[in-house]
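Here is the structure we will look at, set down as structure tokens.
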Amino acid sequence: MFSAVKVLIIYNNIKIMKKYLIIFTLLAFSYSFSQIKTPQPSPAASMNQMVGLTEIEVEYSRPSMRGREIFGNLVPYDKIWRTGANENSVISFSTSVKIGDRTVPAGKYSIYTIPGVDSWDFILYSDANNWGLPSEWDKNKVIVKINAPSFKQVFPIESFQFSMVDLSNNSFTLGIAWGDVYIPITIDIPTREMVEKNIQDVMGKQPKASDYYAAAVYYRQENINIEKAVEWIDKAIEMSEEVQYWQLRQQSLIYAANGNIKGAIKVAKKALEAAKIANNKDYVKMNKDSIEEWSN
């Protein structure tokens with residue numbers, strides 16, 4: 001009798017243990033697959049920008065100030081920083097670029113910095129697959145390291161950010177901003193070399209009117225080879241079956257850039273009449289403004 005009772009007690013205890021084990025498992029499962037989504041404290045961000053013929057992309061995470069003192073406290077001075085939060089920030093270039101006096105091949109790079117009071121060191125590191133800092137820093141993987149001035153901002157930036165400003169065909173400024181600190185990094189793009197090579201390749205074959213036009217307009221925009229631009233815009237107009245007002249507009253600008261003001265005004269008047277027929281008010285105004293400027 002005693003043995004039967006003992007067996008029953010053990011049986012009941014096993015049932016209770018199984019019950020609690022099931023409850024614990026369900027709770028753990030529910031926590032692992034919670035349906036509640038919460039914001040990330042340092043959300044991921046990315047930027048993509050064409051500069052000339054080069055595509056640039058930056059991927060990073062954006063920590064916020066949240067009332068904290070950032071540089072010299074949360075981010076120490078004179079120590080390598082991941083330049084953001086979570087995974088290290090990375091930048092990629094579709095072509096080679098130039099930073100300072102160093103040529104950086106096309107590729108993807110980690111962005112590291114060493115913040116200072118008056119200036120920062122900006123570092124591109126060839127290993128882009130790190131979480132934060134590399135476990136072992138390899139000087140041979142440092143592609144470029146330059147020093148850049150640090151500027152105080154009037155209006156603090158709450159969330160860390162990169163920016164691409166001062167865009168031209170040949171360069172841009174990569175800005176690093178957080179709190180009241182702003183760091184500008186100038187990056188040069190070899191657009192002229194790439195375009196010139198393309199122009200020479202095309203012109204050595206059988207260029208079309210659109211090729212002459214594109215090359216002439218590019219030369220005027222860059223203020224180079226203006227005499228050749230005149231020759232090629234004239235060729236483009238001559239080869240075009242139906243000359244458009246925007247083509248005439250560019251021809252007048254190229255003439256003016258070459259010092260032929262009389263010819264520029266004459267063509268601008270044609271462009272003005274053509275723009276009126278096309279009902280393009282923007283081009284009507286631009287031609288009127290140019291004719292007035294060149295006539296004085």
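Order determines the names: the first chain of the structure tokens is A, the second B, and so forth; residues in each chain are numbered 1 upward, and ligands are numbered 1 upward as they are shown.
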
Discussion item. So that I can check the surroundings of Phe71 of chain A, please list as a ChimeraX atom specification every protein, DNA and RNA residue that reaches within 10 Å of it, counting only C-alpha atoms and ignoring chain neighbours fewer than 3 positions away.
Written reply: /A:68,74-77,115-117,178-181

Would you mind exporting the chosen residues as an mmCIF file, in the first residue's frame, restricted to C-alpha atoms?
```
data_model
loop_
_atom_site.group_PDB
_atom_site.id
_atom_site.type_symbol
_atom_site.label_atom_id
_atom_site.label_comp_id
_atom_site.auth_asym_id
_atom_site.auth_seq_id
_atom_site.Cartn_x
_atom_site.Cartn_y
_atom_site.Cartn_z
ATOM 1 C CA ARG A 68 24.970 63.629 -22.939
ATOM 2 C CA LEU A 74 31.166 59.702 -24.382
ATOM 3 C CA VAL A 75 33.617 59.714 -27.308
ATOM 4 C CA PRO A 76 37.132 60.231 -25.901
ATOM 5 C CA TYR A 77 39.643 62.520 -27.534
ATOM 6 C CA PRO A 115 38.577 63.088 -32.583
ATOM 7 C CA GLY A 116 40.598 65.967 -31.205
ATOM 8 C CA VAL A 117 39.765 69.344 -29.713
ATOM 9 C CA TRP A 178 27.336 65.603 -34.131
ATOM 10 C CA GLY A 179 26.587 67.936 -31.269
ATOM 11 C CA ASP A 180 28.313 71.243 -31.971
ATOM 12 C CA VAL A 181 31.149 69.690 -33.995
#
```

Item to complete: Tell me which protein, DNA and RNA residues are within 7 Å of Ser64 of chain A, counting only C-alpha atoms, leaving out same-chain ones fewer than 3 positions away, and put them as a PyMOL selection string.
Response: chain A and resi 42+158-160

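With atom CA of Glu231 of chain A on one side and atom CA of Tyr283 of chain A on the other, the separation reads 23.6 Å.
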
In segment 190-243 of chain A, what's alpha helix (DSSP H) per DSSP? Answer as a PDB file with C-alpha atoms, in the first residue's frame?
```pdb
ATOM      1  CA  THR A 191      35.657  63.089 -63.706  1.00  0.00           C
ATOM      2  CA  ARG A 192      37.610  65.178 -66.196  1.00  0.00           C
ATOM      3  CA  GLU A 193      40.010  62.353 -66.977  1.00  0.00           C
ATOM      4  CA  MET A 194      37.139  59.889 -67.473  1.00  0.00           C
ATOM      5  CA  VAL A 195      35.064  62.241 -69.627  1.00  0.00           C
ATOM      6  CA  GLU A 196      38.037  63.327 -71.736  1.00  0.00           C
ATOM      7  CA  LYS A 197      38.935  59.714 -72.445  1.00  0.00           C
ATOM      8  CA  ASN A 198      35.329  59.004 -73.416  1.00  0.00           C
ATOM      9  CA  ILE A 199      35.215  62.083 -75.674  1.00  0.00           C
ATOM     10  CA  GLN A 200      38.412  61.107 -77.457  1.00  0.00           C
ATOM     11  CA  ASP A 201      37.185  57.542 -77.937  1.00  0.00           C
ATOM     12  CA  VAL A 202      33.850  58.656 -79.431  1.00  0.00           C
ATOM     13  CA  MET A 203      35.248  61.471 -81.551  1.00  0.00           C
ATOM     14  CA  ALA A 209      25.131  65.331 -83.485  1.00  0.00           C
ATOM     15  CA  SER A 210      24.277  64.441 -79.880  1.00  0.00           C
ATOM     16  CA  ASP A 211      27.935  63.525 -79.228  1.00  0.00           C
ATOM     17  CA  TYR A 212      29.189  66.878 -80.531  1.00  0.00           C
ATOM     18  CA  TYR A 213      26.529  68.629 -78.474  1.00  0.00           C
ATOM     19  CA  ALA A 214      27.295  66.764 -75.221  1.00  0.00           C
ATOM     20  CA  ALA A 215      31.045  67.330 -75.528  1.00  0.00           C
ATOM     21  CA  ALA A 216      30.647  71.039 -76.345  1.00  0.00           C
ATOM     22  CA  VAL A 217      28.276  71.648 -73.421  1.00  0.00           C
ATOM     23  CA  TYR A 218      30.594  69.769 -71.037  1.00  0.00           C
ATOM     24  CA  TYR A 219      33.580  71.872 -72.077  1.00  0.00           C
ATOM     25  CA  ARG A 220      31.618  75.065 -71.466  1.00  0.00           C
ATOM     26  CA  GLN A 221      30.418  73.883 -68.059  1.00  0.00           C
ATOM     27  CA  GLU A 222      33.989  73.065 -67.065  1.00  0.00           C
ATOM     28  CA  ILE A 226      36.180  76.664 -75.335  1.00  0.00           C
ATOM     29  CA  GLU A 227      37.398  77.037 -78.930  1.00  0.00           C
ATOM     30  CA  LYS A 228      36.817  73.333 -79.491  1.00  0.00           C
ATOM     31  CA  ALA A 229      33.401  73.704 -77.828  1.00  0.00           C
ATOM     32  CA  VAL A 230      32.500  76.378 -80.426  1.00  0.00           C
ATOM     33  CA  GLU A 231      33.556  74.094 -83.261  1.00  0.00           C
ATOM     34  CA  TRP A 232      31.576  71.161 -81.890  1.00  0.00           C
ATOM     35  CA  ILE A 233      28.376  73.060 -81.015  1.00  0.00           C
ATOM     36  CA  ASP A 234      28.305  74.461 -84.534  1.00  0.00           C
ATOM     37  CA  LYS A 235      28.766  70.941 -85.860  1.00  0.00           C
ATOM     38  CA  ALA A 236      25.939  69.668 -83.652  1.00  0.00           C
ATOM     39  CA  ILE A 237      23.561  72.397 -84.857  1.00  0.00           C
ATOM     40  CA  GLU A 238      24.543  71.751 -88.483  1.00  0.00           C
ATOM     41  CA  MET A 239      23.892  68.006 -88.162  1.00  0.00           C
TER      42      MET A 239
END
```

Fill in: Of the listed residues A:Pro39, A:Met50, A:Ser92, A:Glu242, that which approaches Ala106 of chain A most closely, counting only C-alpha atoms
A:Ser92
